[in-house]
Structures are given as C-alpha cells and as structure tokens.
Amino acid sequence: MIAEALVVSAILFVIGVVGVLTRRNAIILFMCAELMLNAVNLSFVAFAKMHNVTGHVFVIMVMTIAAAEAAVGLAIIISIFRHFGTVDLSKLRTLRG
Amino acid sequence: MNSFFEFQFYLFALLAIVSALLFVTRKNAVPAALWLVNVMFALAGLYVMLDAPFVGAIQVLVYAGAIMVVFVFVVMLLNLGRNEISDLRSLGARLGAGLMGIALLANLLVAQRNKLPRVASAPALDNVVEPVAASLFTDYLVAFELTSIVLLVAVVGAVLLAKKRVQP
C-alpha cells in the first residue's frame with residue numbers, strides 16, 4: 001500500500017503543478033498550492049507507515065504552516081482586489097502601489 | 001479485513017485523483033473549491049487506511065473545515081463566483097505545462113521505483129495519538145513552539161493586510 005500511496009501522491013502533486021502553470025486566477029493558484037501541500041502530506045504519512053511516527057509530526061507542522069499561509073495569502077489577494085479590481089494575474093503588471 | 005482495507009484504499013485513491021482532475025478543470029472558483037474539499041476528504045480516508053486516523057481527523061478539521069471555508073468565503077467576498085470567462089493561459093503555455101507535468105510525473109515515479117529502500121511496513125499500533133504527541137512535545141518541541149509564533153504573526157499580518165486603509 002505504501003508504494004501505491006506514493007504514486008497517488010506524485011499524481012496529485014503533478015496535477016497541482018499543472019494547475020499552477022495553466023491558470024491565471026490567483027485564488028485557483030492558491031488552491032493548487034494547497035493541493036501540492038496535501039500531496040506531500042500523503043507522502044509523509046506513507047513514509048511514517050514505513051518507518052515511524054515522525055512523519056505524522058511533520059504532517060501536523062505542514063498543516064499549521066499551510067493554515068498560516070492561506071490566511072496571509074488570502075489577505076494579500078483581498079488587498080490586491082481592492083486596489084486593482086481583479087485577481088487575474090496577467091492583468092497585474094505593475095509593482096507600484 | 002486486509003483486503004477490505006485495500007479495496008477502501010484504492011477507492012479513496014481513485015476518488016482523490018478524479019476529484020483533483022475535476023478541481024483543476026473547473027472554470028468557476030466555487031465548484032473548484034468544493035471539488036478540492038472532496039480531495040481533502042478522500043485524503044483523510046487514505047490517511048486512515050495508512051494507520052494514521054489522528055492525522056485524518058486533523059485533515060478533516062483543519063483543511064476541509066477551516067482552510068477551505070476561508071477560501072470559499074474569500075471567493076464569495078470578492079464576488080468571483082459569476083465570471084464564466086476562461087482564465088486559462090495561452091495554448092503554448094498549456095502545452096509546455098502539460099509536457100512539464102508529464103516529465104515531472106515520470107521523474108517522480110522513476111525516483112520512487114529505484115531510489116527507495118524496500119522496507120516492510122511497521123505493524124499498526126493500537127494507540128496512535130500517544131507516540132505522535134510524545135514525539136511532538138519532546139524531540140520537536142522547539143519547532144512546535146515556533147509554529148505558534150508563526151500563527152500569531154500570520155493572524156496579525158492577515159488583519160493588517162486585509163483591513164481597509166484609513167485615509168489620513
């Protein structure tokens with residue numbers, strides 16, 4: 001079951017990568033990043049079954065950081081939407097505030 | 001019992017992959033978020049099948065329950081649920097992304113097949129929370145405390161970034 005879990009994890013990660021590369025909606029990009037984090041979590045859990053429970057500790061850490069990242073990232077997206085009126089990344093061409 | 005577990009494992013794996021594909025192909029942000037919630041639930045099931053029911057419970061609580069709710073909330077707040085215009089990049093960028101995805105997948109699968117030592121899986125423990133907690137509060141205590149600081153900084157930063165600017 002461990003090898004199969006790693007294959008599923010690789011497939012989910014690649015789906016996330018392709019999503020980040022093909023979409024322009026900033027919120028969808030964020031969700032693809034969450035999908036990639038989840039794929040890596042699945043790898044950690046599979047390795048934890050192979051070795052010991054340290055993998056579970058890593059998964060808990062990754063989830064905490066993902067929650068913090070989602071909060072800050074979505075706040076940035078709200079701020080961008082207030083300023084530019086869009087979250088389409090191809091329309092955001094300037095760094096000037 | 002074992003074959004039952006394996007059947008469930010493949011069921012949840014299939015569910016996760018199909019939901020992820022549907023998630024990444026939705027044009028609208030709201031159905032995409034709901035399919036991603038489905039992926040999270042399927043992954044929670046996979047964690048349970050991999051002898052990690054505690055992590056599965058946290059997955060449902062934190063990801064499906066908290067993070068995705070924030071995502072859906074932001075989509076509703078920004079009123080993005082209505083646009084039906086495709087946000088795909090150009091055809092060349094999509095082809096490049098597809099090729100890169102295939103290359104990355106092949107790379108990962110070959111690495112998993114060749115580089116991993118074949119270790120027999122450890123026997124399932126009766127008590128799954130206690131070893132995790134013991135490891136978390138002894139060996140990884142510094143990292144655990146640092147994540148609390150990270151969360152505090154993230155909360156303050158999110159409030160600061162998302163609040164309305166007051167004109168002086």
# chains A, B, ... in the order shown; residues from 1 in each chain; ligands from 1
>>> select_by_dssp(residues="chain A", states="alpha helix (DSSP H)", output="number ranges by chain")
A: 2-22, 26-50, 54-84
>>> residues_around(residues="B:Arg113", least_positions_apart="5", cutoff="10 Å", atoms="only C-alpha atoms", output="CSV table (one decimal) with C-alpha atoms, in the first residue's frame")
chain,number,residue,atom,x,y,z
A,3,ALA,CA,4.2,2.3,-3.0
A,6,LEU,CA,3.5,7.4,-3.1
A,7,VAL,CA,2.2,7.1,-6.7
B,107,ASN,CA,10.8,11.7,-12.8
B,108,LEU,CA,8.9,11.2,-9.5
B,118,ARG,CA,12.2,-1.6,0.3
>>> residues_around(residues="A:Ala68", least_positions_apart="4", cutoff="8 Å", atoms="only C-alpha atoms", output="VMD selection string")
(chain A and resid 64 72) or (chain B and resid 150 to 151 154 to 155)
>>> write_last_selection(atoms="N, CA and C atoms", output="mmCIF file, in the first residue's frame")
data_model
loop_
_atom_site.group_PDB
_atom_site.id
_atom_site.type_symbol
_atom_site.label_atom_id
_atom_site.label_comp_id
_atom_site.auth_asym_id
_atom_site.auth_seq_id
_atom_site.Cartn_x
_atom_site.Cartn_y
_atom_site.Cartn_z
ATOM 1 N N THR A 64 -0.120 23.284 9.892
ATOM 2 C CA THR A 64 -0.134 24.566 10.605
ATOM 3 C C THR A 64 0.388 25.671 9.706
ATOM 4 N N VAL A 72 -2.569 34.561 5.293
ATOM 5 C CA VAL A 72 -1.828 35.719 4.783
ATOM 6 C C VAL A 72 -2.052 35.882 3.280
ATOM 7 N N VAL B 150 4.598 31.613 14.468
ATOM 8 C CA VAL B 150 4.239 31.806 13.052
ATOM 9 C C VAL B 150 2.753 32.086 12.920
ATOM 10 N N LEU B 151 1.928 31.340 13.670
ATOM 11 C CA LEU B 151 0.483 31.554 13.586
ATOM 12 C C LEU B 151 0.103 32.948 14.087
ATOM 13 N N ALA B 154 1.037 35.413 11.488
ATOM 14 C CA ALA B 154 0.137 35.300 10.335
ATOM 15 C C ALA B 154 -1.195 35.968 10.622
ATOM 16 N N VAL B 155 -1.717 35.794 11.841
ATOM 17 C CA VAL B 155 -3.001 36.410 12.181
ATOM 18 C C VAL B 155 -2.878 37.927 12.139
#
>>> atom_distance(atom1="atom CA of A:Val53", atom2="atom CA of B:Ala16")
23.5 Å
>>> residues_around(residues="B:Arg26", least_positions_apart="2", cutoff="12 Å", atoms="only C-alpha atoms", output="PyMOL selection string")
(chain A and resi 19+23+25+28) or (chain B and resi 19-24+28-36+81+83-88)
>>> interface_residues(of="chain A", to="chain B", cutoff="8 Å", atoms="only C-alpha atoms", output="NGL selection string")
:A and (1-3 or 5-8 or 10-12 or 14-19 or 21-25 or 27-28 or 31-32 or 35 or 38 or 42 or 45-46 or 49-54 or 56-57 or 59-61 or 63-65 or 67-76 or 78-79 or 81 or 88)
